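run-v6.txt, holding compact mmCIF, C-alpha atoms:
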```
# COMPACT_ATOMS: atom_id res chain seq x y z
CA MET R 15 0.80 14.49 -5.06
CA GLN R 16 -1.10 11.21 -5.28
CA LYS R 17 0.51 8.10 -3.93
CA ALA R 18 2.24 6.05 -6.61
CA THR R 19 0.69 2.70 -7.45
CA ILE R 20 3.41 0.07 -7.16
CA PRO R 21 2.81 -2.82 -9.59
CA PHE R 22 5.23 -5.17 -7.83
CA GLU R 23 4.97 -7.30 -4.71
CA LYS R 24 8.62 -6.95 -3.69
CA LEU R 25 9.36 -3.34 -4.63
CA TYR R 26 8.24 -0.43 -2.49
CA ASN R 27 9.64 2.65 -4.21
CA PHE R 28 9.22 2.02 -7.95
CA ARG R 29 7.80 4.94 -9.94
CA ASP R 30 7.91 7.02 -13.07
CA VAL R 31 10.12 10.11 -12.96
CA GLY R 32 8.01 11.83 -15.63
CA GLY R 33 4.44 13.02 -16.00
CA MET R 34 5.02 16.54 -14.66
CA GLU R 35 4.67 19.91 -16.36
CA THR R 36 7.72 22.16 -16.35
CA GLU R 37 7.92 25.87 -15.61
CA ASP R 38 8.65 26.65 -19.27
CA GLY R 39 5.57 24.93 -20.67
CA ASN R 40 6.96 21.50 -21.48
CA ASN R 41 6.06 18.13 -20.02
CA VAL R 42 8.42 15.45 -18.71
CA LYS R 43 7.59 12.33 -20.70
CA SER R 44 5.98 9.43 -18.88
CA GLY R 45 7.27 5.92 -19.46
CA VAL R 46 10.83 6.99 -20.30
CA LEU R 47 12.76 7.21 -17.01
CA PHE R 48 11.89 5.26 -13.86
CA ARG R 49 13.35 5.02 -10.37
CA SER R 50 13.27 2.15 -7.90
CA ASP R 51 14.59 0.43 -4.83
CA ASP R 52 16.56 -2.83 -5.10
CA ILE R 53 15.29 -4.84 -8.08
CA SER R 54 17.16 -7.95 -6.94
CA ARG R 55 14.10 -8.51 -4.72
CA LEU R 56 11.79 -9.19 -7.69
CA ASN R 57 10.02 -12.53 -7.41
CA LYS R 58 8.84 -14.68 -10.32
CA LYS R 59 5.49 -12.89 -10.59
CA ASP R 60 7.23 -9.51 -10.41
CA LEU R 61 9.69 -10.48 -13.14
CA GLU R 62 6.81 -11.14 -15.51
CA LYS R 63 5.51 -7.61 -14.91
CA PHE R 64 9.02 -6.17 -15.07
CA SER R 65 9.58 -7.69 -18.50
CA GLN R 66 6.51 -5.88 -19.82
CA TYR R 67 8.16 -2.48 -19.28
CA GLY R 68 10.80 -3.35 -21.86
CA PHE R 69 13.65 -1.64 -20.02
CA LYS R 70 16.68 -0.94 -22.19
CA LEU R 71 19.09 0.51 -19.63
CA ILE R 72 19.42 -0.05 -15.88
CA CYS R 73 21.79 2.05 -13.74
CA ASP R 74 22.59 0.29 -10.48
CA LEU R 75 23.94 2.77 -7.89
CA ARG R 76 24.57 0.19 -5.15
CA THR R 77 28.07 -0.37 -3.76
CA SER R 78 30.00 -3.59 -4.35
CA ASN R 79 29.26 -4.71 -0.79
CA GLU R 80 25.54 -4.10 -1.28
CA ARG R 81 25.55 -6.11 -4.49
CA LYS R 82 27.53 -9.13 -3.19
CA SER R 83 24.60 -11.27 -2.12
CA LYS R 84 21.96 -9.45 -4.17
CA LEU R 85 23.03 -9.78 -7.78
CA TYR R 86 20.50 -10.12 -10.59
CA GLU R 87 20.49 -10.83 -14.28
CA PHE R 88 17.88 -10.94 -17.00
CA PRO R 89 17.50 -13.05 -20.13
CA LYS R 90 19.64 -11.75 -22.99
CA SER R 91 16.52 -11.70 -25.14
CA TRP R 92 15.22 -8.79 -23.03
CA GLY R 93 18.00 -6.61 -24.43
CA ILE R 94 18.76 -4.80 -21.17
CA GLU R 95 22.10 -3.07 -20.70
CA LEU R 96 23.15 -3.14 -17.04
CA LYS R 97 25.51 -0.47 -15.75
CA HIS R 98 26.96 -0.56 -12.23
CA ILE R 99 27.82 3.00 -11.16
CA PRO R 100 28.39 2.84 -7.38
CA ILE R 101 27.65 6.01 -5.45
CA TYR R 102 29.07 5.49 -2.02
CA HIS R 103 30.09 7.00 1.28
CA GLU R 104 32.07 5.20 3.95
CA SER R 105 28.84 4.70 5.89
CA GLN R 106 27.20 3.07 2.83
CA ASP R 107 29.89 0.48 2.22
CA LEU R 108 30.16 -1.26 5.57
CA SER R 109 29.83 -5.02 5.67
CA HIS R 110 27.15 -6.45 7.98
CA ARG R 111 29.90 -7.34 10.45
CA GLU R 112 31.40 -3.83 10.38
CA PHE R 113 27.97 -2.26 10.77
CA PHE R 114 27.23 -4.55 13.72
CA GLN R 115 30.51 -3.54 15.39
CA LEU R 116 29.71 0.13 14.79
CA LEU R 117 26.28 -0.26 16.37
CA VAL R 118 27.52 -2.11 19.45
CA LYS R 119 30.74 -0.22 20.17
CA GLY R 120 29.66 3.29 19.28
CA SER R 121 25.98 3.21 20.11
CA LYS R 122 26.04 6.15 22.53
CA ASN R 123 27.83 8.49 20.15
CA LEU R 124 26.21 7.54 16.85
CA ASP R 125 24.68 10.51 15.07
CA PHE R 126 22.96 9.09 12.00
CA GLU R 127 21.49 12.45 11.01
CA ALA R 128 24.98 13.96 10.73
CA MET R 129 26.10 10.86 8.84
CA ILE R 130 23.27 11.12 6.30
CA LYS R 131 23.83 14.85 5.78
CA ASP R 132 27.51 14.16 5.23
CA PHE R 133 26.57 11.47 2.71
CA TYR R 134 24.45 13.93 0.71
CA ARG R 135 27.34 16.42 0.66
CA CYS R 136 29.67 13.62 -0.38
CA MET R 137 27.39 12.82 -3.32
CA ILE R 138 27.37 16.35 -4.75
CA ILE R 139 31.08 16.98 -4.16
CA GLU R 140 32.98 13.68 -4.27
CA ARG R 141 30.74 11.69 -6.63
CA ARG R 142 30.55 14.19 -9.49
CA GLU R 143 32.27 11.77 -11.86
CA GLU R 144 29.58 9.18 -11.13
CA ILE R 145 26.83 11.77 -11.63
CA LYS R 146 28.43 12.69 -14.95
CA GLU R 147 28.48 9.03 -15.99
CA ILE R 148 24.80 8.50 -15.12
CA ILE R 149 23.55 11.65 -16.87
CA THR R 150 25.76 11.17 -19.94
CA LEU R 151 24.80 7.52 -20.23
CA ILE R 152 21.06 8.19 -20.14
CA ALA R 153 21.34 11.16 -22.52
CA ASN R 154 23.42 9.38 -25.14
CA TYR R 155 21.90 5.92 -24.83
CA ASN R 156 18.67 7.43 -26.15
CA LYS R 157 16.63 4.26 -25.79
CA ALA R 158 13.60 4.08 -23.53
CA PRO R 159 12.71 3.18 -20.94
CA CYS R 160 15.61 3.54 -18.48
CA LEU R 161 15.73 2.73 -14.77
CA ILE R 162 17.86 4.15 -11.95
CA HIS R 163 17.94 2.25 -8.67
CA CYS R 164 19.89 1.77 -5.46
CA THR R 165 18.95 -0.21 -2.33
CA GLY R 166 16.15 1.86 -0.83
CA GLY R 167 15.57 4.06 -3.87
CA LYS R 168 15.32 7.11 -1.62
CA ASP R 169 18.69 8.86 -1.11
CA ARG R 170 21.08 8.21 -4.00
CA THR R 171 18.30 7.61 -6.50
CA GLY R 172 16.28 10.42 -4.92
CA LEU R 173 19.05 12.98 -5.28
CA ILE R 174 19.90 12.04 -8.89
CA THR R 175 16.19 12.18 -9.79
CA ALA R 176 15.76 15.58 -8.15
CA LEU R 177 18.75 17.00 -10.02
CA ILE R 178 17.40 15.74 -13.35
CA GLN R 179 13.93 17.14 -12.66
CA LEU R 180 15.31 20.52 -11.61
CA TYR R 181 17.50 20.63 -14.73
CA LEU R 182 14.35 20.05 -16.79
CA HIS R 183 12.69 22.97 -14.94
CA VAL R 184 10.12 20.94 -13.02
CA PRO R 185 8.78 23.35 -10.33
CA TYR R 186 10.83 23.17 -7.14
CA ASP R 187 7.93 22.22 -4.87
CA LYS R 188 6.94 19.35 -7.18
CA VAL R 189 10.51 18.06 -7.11
CA ILE R 190 10.51 18.16 -3.31
CA ASP R 191 7.12 16.40 -3.15
CA HIS R 192 8.34 13.66 -5.50
CA TYR R 193 11.44 13.18 -3.34
CA LEU R 194 9.47 13.08 -0.07
CA LEU R 195 7.02 10.50 -1.43
CA SER R 196 9.64 7.89 -0.54
CA ASN R 197 8.65 8.26 3.11
CA GLU R 198 5.12 7.12 2.37
CA LEU R 199 6.17 4.32 0.05
CA VAL R 200 8.97 2.74 2.07
CA GLY R 201 7.57 3.45 5.54
CA PRO R 202 6.26 -0.09 6.23
CA ARG R 203 9.52 -1.70 5.11
CA MET R 204 11.64 0.76 7.08
CA LYS R 205 9.86 -0.28 10.26
CA LYS R 206 11.23 -3.78 9.72
CA VAL R 207 14.70 -2.35 9.07
CA GLU R 208 14.43 -0.34 12.30
CA ASN R 209 13.64 -3.48 14.28
CA PHE R 210 16.53 -5.33 12.63
CA ILE R 211 19.02 -2.56 13.45
CA ARG R 212 17.82 -2.39 17.04
CA VAL R 213 18.30 -6.14 17.42
CA MET R 214 21.77 -5.92 15.82
CA SER R 215 22.73 -3.20 18.29
CA LEU R 216 21.53 -5.37 21.15
CA TYR R 217 18.96 -2.61 21.73
CA ARG R 218 21.68 -0.10 22.55
CA VAL R 219 20.52 2.18 19.72
CA SER R 220 17.16 3.88 20.15
CA SER R 221 14.43 4.20 17.54
CA GLN R 222 14.96 7.97 17.57
CA GLN R 223 18.67 7.53 16.79
CA ILE R 224 17.89 5.24 13.87
CA LYS R 225 15.14 7.39 12.34
CA PRO R 226 17.42 9.55 10.09
CA LEU R 227 18.57 6.38 8.30
CA LEU R 228 15.03 5.32 7.49
CA ILE R 229 13.50 8.50 6.08
CA VAL R 230 14.14 11.20 3.53
CA SER R 231 14.06 14.70 4.94
CA ARG R 232 13.37 17.92 3.07
CA GLU R 233 16.39 19.27 4.93
CA TYR R 234 18.71 16.57 3.52
CA LEU R 235 17.90 17.55 -0.04
CA GLU R 236 17.55 21.30 0.43
CA ASP R 237 20.91 21.64 2.19
CA VAL R 238 22.81 20.25 -0.80
CA LEU R 239 20.63 22.04 -3.37
CA GLN R 240 21.36 25.34 -1.62
CA GLU R 241 25.06 24.50 -1.68
CA ILE R 242 24.85 23.82 -5.43
CA MET R 243 22.94 27.05 -6.08
CA LYS R 244 25.36 29.09 -3.97
CA GLU R 245 28.38 27.88 -5.94
CA PHE R 246 26.93 27.34 -9.42
CA GLY R 247 23.67 29.32 -9.60
CA THR R 248 21.73 26.60 -11.46
CA VAL R 249 21.67 22.82 -11.69
CA GLU R 250 22.66 23.17 -15.34
CA ASN R 251 25.84 25.02 -14.36
CA TYR R 252 26.53 22.38 -11.70
CA PHE R 253 26.22 19.67 -14.36
CA ILE R 254 28.51 21.56 -16.78
CA LYS R 255 31.08 23.21 -14.52
CA GLY R 256 30.90 20.95 -11.48
CA CYS R 257 30.45 17.54 -13.08
CA GLY R 258 31.99 18.20 -16.49
CA ILE R 259 28.94 17.14 -18.50
CA ASP R 260 29.07 18.57 -22.02
CA LYS R 261 26.23 20.76 -23.27
CA ASN R 262 25.53 18.41 -26.15
CA SER R 263 24.72 15.58 -23.74
CA LEU R 264 22.48 17.87 -21.69
CA ASN R 265 20.63 18.96 -24.81
CA LYS R 266 20.13 15.30 -25.70
CA LEU R 267 18.83 14.66 -22.18
CA ARG R 268 16.24 17.41 -22.59
CA GLY R 269 15.18 16.04 -25.97
CA PHE R 270 14.98 12.51 -24.57
CA LEU R 271 12.90 13.39 -21.50
CA LEU R 272 10.73 16.32 -22.60
CA ASN R 273 7.61 16.66 -24.74
CA LYS R 274 7.95 20.13 -26.20
```

Is it possible to give me this structure as structure tokens?
Amino acid sequence: MQKATIPFEKLYNFRDVGGMETEDGNNVKSGVLFRSDDISRLNKKDLEKFSQYGFKLICDLRTSNERKSKLYEFPKSWGIELKHIPIYHESQDLSHREFFQLLVKGSKNLDFEAMIKDFYRCMIIERREEIKEIITLIANYNKAPCLIHCTGGKDRTGLITALIQLYLHVPYDKVIDHYLLSNELVGPRMKKVENFIRVMSLYRVSSQQIKPLLIVSREYLEDVLQEIMKEFGTVENYFIKGCGIDKNSLNKLRGFLLNK
């Protein structure tokens, strides 16, 4: 997969979810659904470019703590509907002070890989109502384009995107490649985050310990996808039986996102 061209100075992980052929001969429409990292970072120049996309719906998956100092708003004339649908895990909703205390006091025993894997399991099991809200909202809003974003645009946004693509029958390997592209796109920024965390921990936490927080891993995604398939057989069944999404909404989602 070619590297995405990011049209913004302050975003690292902005890209189109579409543009791929499905296994059943359809194509996922380009220019309809996008994904991104934190759009509160947009500068004046970026905002001019952002306005040209004509977004109609933005789903913000950040927690309340993440949003506190990083709120954003757009001119009413842009006609954007903003929806805050927090997808969280206890590790995602720590204040800076709480995170600092965690780093300093528990540095020797911190296992960020286990924490991230637990977060992914939390998303597919404990955040099904939020997944239902996101999918149903996009399907029934039926205005394009839409944007899903969180802070890094790699885990929460990455999982939701992968589930949508798999539901649309995008080939599995292409879904994985699209998910893993985050590593290439956010790598330079994550190096800065690594340095910041190490300073916050008073250098008690090693770069190797921190690494799971800064990357997406095929294993993170595949573990939860296998769990979904084991219990539900397909992503569609997970959406219907696990998340309670009605078939009508899913049919609308297919019509909204696919060129048949």

Please identify all polymer residues within 12 Å of Asn251 (chain R), counting all atoms listed in the file, omitting same-chain residues fewer than 2 positions from it, and present them as a PyMOL selection string. chain R and resi 177+180-181+242-249+253-261+264

Selection to disk with C-alpha atoms, as a PDB file, keeping the file's coordinate frame:
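And here's selection-v6.pdb as it stands now:
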```pdb
ATOM      1  CA  LEU R 177      18.750  17.000 -10.020  1.00  0.00           C
ATOM      2  CA  LEU R 180      15.310  20.520 -11.610  1.00  0.00           C
ATOM      3  CA  TYR R 181      17.500  20.630 -14.730  1.00  0.00           C
ATOM      4  CA  ILE R 242      24.850  23.820  -5.430  1.00  0.00           C
ATOM      5  CA  MET R 243      22.940  27.050  -6.080  1.00  0.00           C
ATOM      6  CA  LYS R 244      25.360  29.090  -3.970  1.00  0.00           C
ATOM      7  CA  GLU R 245      28.380  27.880  -5.940  1.00  0.00           C
ATOM      8  CA  PHE R 246      26.930  27.340  -9.420  1.00  0.00           C
ATOM      9  CA  GLY R 247      23.670  29.320  -9.600  1.00  0.00           C
ATOM     10  CA  THR R 248      21.730  26.600 -11.460  1.00  0.00           C
ATOM     11  CA  VAL R 249      21.670  22.820 -11.690  1.00  0.00           C
ATOM     12  CA  PHE R 253      26.220  19.670 -14.360  1.00  0.00           C
ATOM     13  CA  ILE R 254      28.510  21.560 -16.780  1.00  0.00           C
ATOM     14  CA  LYS R 255      31.080  23.210 -14.520  1.00  0.00           C
ATOM     15  CA  GLY R 256      30.900  20.950 -11.480  1.00  0.00           C
ATOM     16  CA  CYS R 257      30.450  17.540 -13.080  1.00  0.00           C
ATOM     17  CA  GLY R 258      31.990  18.200 -16.490  1.00  0.00           C
ATOM     18  CA  ILE R 259      28.940  17.140 -18.500  1.00  0.00           C
ATOM     19  CA  ASP R 260      29.070  18.570 -22.020  1.00  0.00           C
ATOM     20  CA  LYS R 261      26.230  20.760 -23.270  1.00  0.00           C
ATOM     21  CA  LEU R 264      22.480  17.870 -21.690  1.00  0.00           C
TER      22      LEU R 264
END
```

Excluding region 51-57 of chain R and any residue of its chain fewer than 5 positions from it, enumerate the residues within 12 Å of it, using only C-alpha atoms, and give them as a PyMOL selection string. chain R and resi 20-29+62-65+72-77+80-88+161-172+196+199-200+203

Requested write-out: C-alpha atoms of the selected residues, as a compact mmCIF listing (two decimals), in the frame of the given file:
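Heads up, here's the output in out_0.txt:
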```txt
# COMPACT_ATOMS: atom_id res chain seq x y z
CA ILE R 20 3.41 0.07 -7.16
CA PRO R 21 2.81 -2.82 -9.59
CA PHE R 22 5.23 -5.17 -7.83
CA GLU R 23 4.97 -7.30 -4.71
CA LYS R 24 8.62 -6.95 -3.69
CA LEU R 25 9.36 -3.34 -4.63
CA TYR R 26 8.24 -0.43 -2.49
CA ASN R 27 9.64 2.65 -4.21
CA PHE R 28 9.22 2.02 -7.95
CA ARG R 29 7.80 4.94 -9.94
CA GLU R 62 6.81 -11.14 -15.51
CA LYS R 63 5.51 -7.61 -14.91
CA PHE R 64 9.02 -6.17 -15.07
CA SER R 65 9.58 -7.69 -18.50
CA ILE R 72 19.42 -0.05 -15.88
CA CYS R 73 21.79 2.05 -13.74
CA ASP R 74 22.59 0.29 -10.48
CA LEU R 75 23.94 2.77 -7.89
CA ARG R 76 24.57 0.19 -5.15
CA THR R 77 28.07 -0.37 -3.76
CA GLU R 80 25.54 -4.10 -1.28
CA ARG R 81 25.55 -6.11 -4.49
CA LYS R 82 27.53 -9.13 -3.19
CA SER R 83 24.60 -11.27 -2.12
CA LYS R 84 21.96 -9.45 -4.17
CA LEU R 85 23.03 -9.78 -7.78
CA TYR R 86 20.50 -10.12 -10.59
CA GLU R 87 20.49 -10.83 -14.28
CA PHE R 88 17.88 -10.94 -17.00
CA LEU R 161 15.73 2.73 -14.77
CA ILE R 162 17.86 4.15 -11.95
CA HIS R 163 17.94 2.25 -8.67
CA CYS R 164 19.89 1.77 -5.46
CA THR R 165 18.95 -0.21 -2.33
CA GLY R 166 16.15 1.86 -0.83
CA GLY R 167 15.57 4.06 -3.87
CA LYS R 168 15.32 7.11 -1.62
CA ASP R 169 18.69 8.86 -1.11
CA ARG R 170 21.08 8.21 -4.00
CA THR R 171 18.30 7.61 -6.50
CA GLY R 172 16.28 10.42 -4.92
CA SER R 196 9.64 7.89 -0.54
CA LEU R 199 6.17 4.32 0.05
CA VAL R 200 8.97 2.74 2.07
CA ARG R 203 9.52 -1.70 5.11
```

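CA of Ile190 (chain R) to CA of Pro226 (chain R) spans 17.4 Å [interatomic distance, one decimal].
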
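Residue nearest Arg142 (chain R), chosen from R:Leu124, R:Val207, R:Ile101, R:Val238 and counting only C-alpha atoms: R:Ile101.
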
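Across the model, the gap from CA of Lys225 (chain R) to CA of Met204 (chain R) is 9.2 Å.
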
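Distance check against Leu227 (chain R) using all atoms listed in the file: of R:Lys131, R:Arg49, R:Lys146, R:Lys58, the minimum falls on R:Lys131.
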
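Counting only C-alpha atoms, the residue from R:Ile138, R:Ser44, R:Met129, R:Val31 that sits nearest to Tyr252 (chain R) is R:Ile138.
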
Find the residues near Leu194 (chain R): any atom within 8 Å, counting all atoms listed in the file, skip ones fewer than 2 places away on the same chain, and give them as a compact mmCIF listing (two decimals) with C-alpha atoms, in the frame of the given file.
```
# COMPACT_ATOMS: atom_id res chain seq x y z
CA ILE R 190 10.51 18.16 -3.31
CA ASP R 191 7.12 16.40 -3.15
CA HIS R 192 8.34 13.66 -5.50
CA SER R 196 9.64 7.89 -0.54
CA ASN R 197 8.65 8.26 3.11
CA GLU R 198 5.12 7.12 2.37
CA VAL R 230 14.14 11.20 3.53
CA SER R 231 14.06 14.70 4.94
CA ARG R 232 13.37 17.92 3.07
```

Nearest candidate to Glu95 (chain R) (options R:Tyr155, R:Phe48, R:Phe270, R:Tyr234; using only C-alpha atoms): R:Tyr155

May I ask you to restore N, CA and C atoms in region 35-56 of chain R and write the result as a JSON list (two decimals), keeping the file's coordinate frame?
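After the write, result32.json holds the following:
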```
[["chain", "number", "residue", "atom", "x", "y", "z"],
["R", 35, "GLU", "N", 4.49, 18.75, -15.50],
["R", 35, "GLU", "CA", 4.67, 19.91, -16.36],
["R", 35, "GLU", "C", 5.83, 20.75, -15.83],
["R", 36, "THR", "N", 6.58, 21.34, -16.74],
["R", 36, "THR", "CA", 7.72, 22.16, -16.35],
["R", 36, "THR", "C", 7.32, 23.64, -16.33],
["R", 37, "GLU", "N", 8.20, 24.45, -15.75],
["R", 37, "GLU", "CA", 7.92, 25.87, -15.61],
["R", 37, "GLU", "C", 7.91, 26.59, -16.97],
["R", 38, "ASP", "N", 8.59, 25.99, -17.97],
["R", 38, "ASP", "CA", 8.65, 26.65, -19.27],
["R", 38, "ASP", "C", 7.69, 26.04, -20.30],
["R", 39, "GLY", "N", 6.64, 25.37, -19.79],
["R", 39, "GLY", "CA", 5.57, 24.93, -20.67],
["R", 39, "GLY", "C", 5.75, 23.58, -21.35],
["R", 40, "ASN", "N", 6.77, 22.84, -20.95],
["R", 40, "ASN", "CA", 6.96, 21.50, -21.48],
["R", 40, "ASN", "C", 6.39, 20.47, -20.52],
["R", 41, "ASN", "N", 6.45, 19.21, -20.89],
["R", 41, "ASN", "CA", 6.06, 18.13, -20.02],
["R", 41, "ASN", "C", 7.16, 17.07, -20.01],
["R", 42, "VAL", "N", 7.46, 16.55, -18.81],
["R", 42, "VAL", "CA", 8.42, 15.45, -18.71],
["R", 42, "VAL", "C", 7.69, 14.18, -19.15],
["R", 43, "LYS", "N", 8.24, 13.51, -20.14],
["R", 43, "LYS", "CA", 7.59, 12.33, -20.70],
["R", 43, "LYS", "C", 7.39, 11.24, -19.65],
["R", 44, "SER", "N", 6.23, 10.61, -19.70],
["R", 44, "SER", "CA", 5.98, 9.43, -18.88],
["R", 44, "SER", "C", 6.51, 8.20, -19.62],
["R", 45, "GLY", "N", 6.87, 7.18, -18.86],
["R", 45, "GLY", "CA", 7.27, 5.92, -19.46],
["R", 45, "GLY", "C", 8.66, 5.90, -20.06],
["R", 46, "VAL", "N", 9.48, 6.91, -19.73],
["R", 46, "VAL", "CA", 10.83, 6.99, -20.30],
["R", 46, "VAL", "C", 11.90, 6.72, -19.24],
["R", 47, "LEU", "N", 11.79, 7.37, -18.08],
["R", 47, "LEU", "CA", 12.76, 7.21, -17.01],
["R", 47, "LEU", "C", 12.03, 6.83, -15.72],
["R", 48, "PHE", "N", 12.49, 5.75, -15.10],
["R", 48, "PHE", "CA", 11.89, 5.26, -13.86],
["R", 48, "PHE", "C", 12.95, 5.22, -12.77],
["R", 49, "ARG", "N", 12.47, 5.14, -11.53],
["R", 49, "ARG", "CA", 13.35, 5.02, -10.37],
["R", 49, "ARG", "C", 12.83, 3.90, -9.48],
["R", 50, "SER", "N", 13.72, 3.29, -8.70],
["R", 50, "SER", "CA", 13.27, 2.15, -7.90],
["R", 50, "SER", "C", 14.23, 1.86, -6.75],
["R", 51, "ASP", "N", 13.73, 1.04, -5.83],
["R", 51, "ASP", "CA", 14.59, 0.43, -4.83],
["R", 51, "ASP", "C", 15.20, -0.83, -5.46],
["R", 52, "ASP", "N", 15.74, -1.71, -4.65],
["R", 52, "ASP", "CA", 16.56, -2.83, -5.10],
["R", 52, "ASP", "C", 15.77, -3.86, -5.92],
["R", 53, "ILE", "N", 16.04, -3.93, -7.21],
["R", 53, "ILE", "CA", 15.29, -4.84, -8.08],
["R", 53, "ILE", "C", 15.74, -6.29, -7.97],
["R", 54, "SER", "N", 16.78, -6.54, -7.17],
["R", 54, "SER", "CA", 17.16, -7.95, -6.94],
["R", 54, "SER", "C", 16.09, -8.67, -6.13],
["R", 55, "ARG", "N", 15.16, -7.91, -5.54],
["R", 55, "ARG", "CA", 14.10, -8.51, -4.72],
["R", 55, "ARG", "C", 12.95, -9.07, -5.57],
["R", 56, "LEU", "N", 12.91, -8.77, -6.85],
["R", 56, "LEU", "CA", 11.79, -9.19, -7.69],
["R", 56, "LEU", "C", 11.58, -10.70, -7.64]]
```
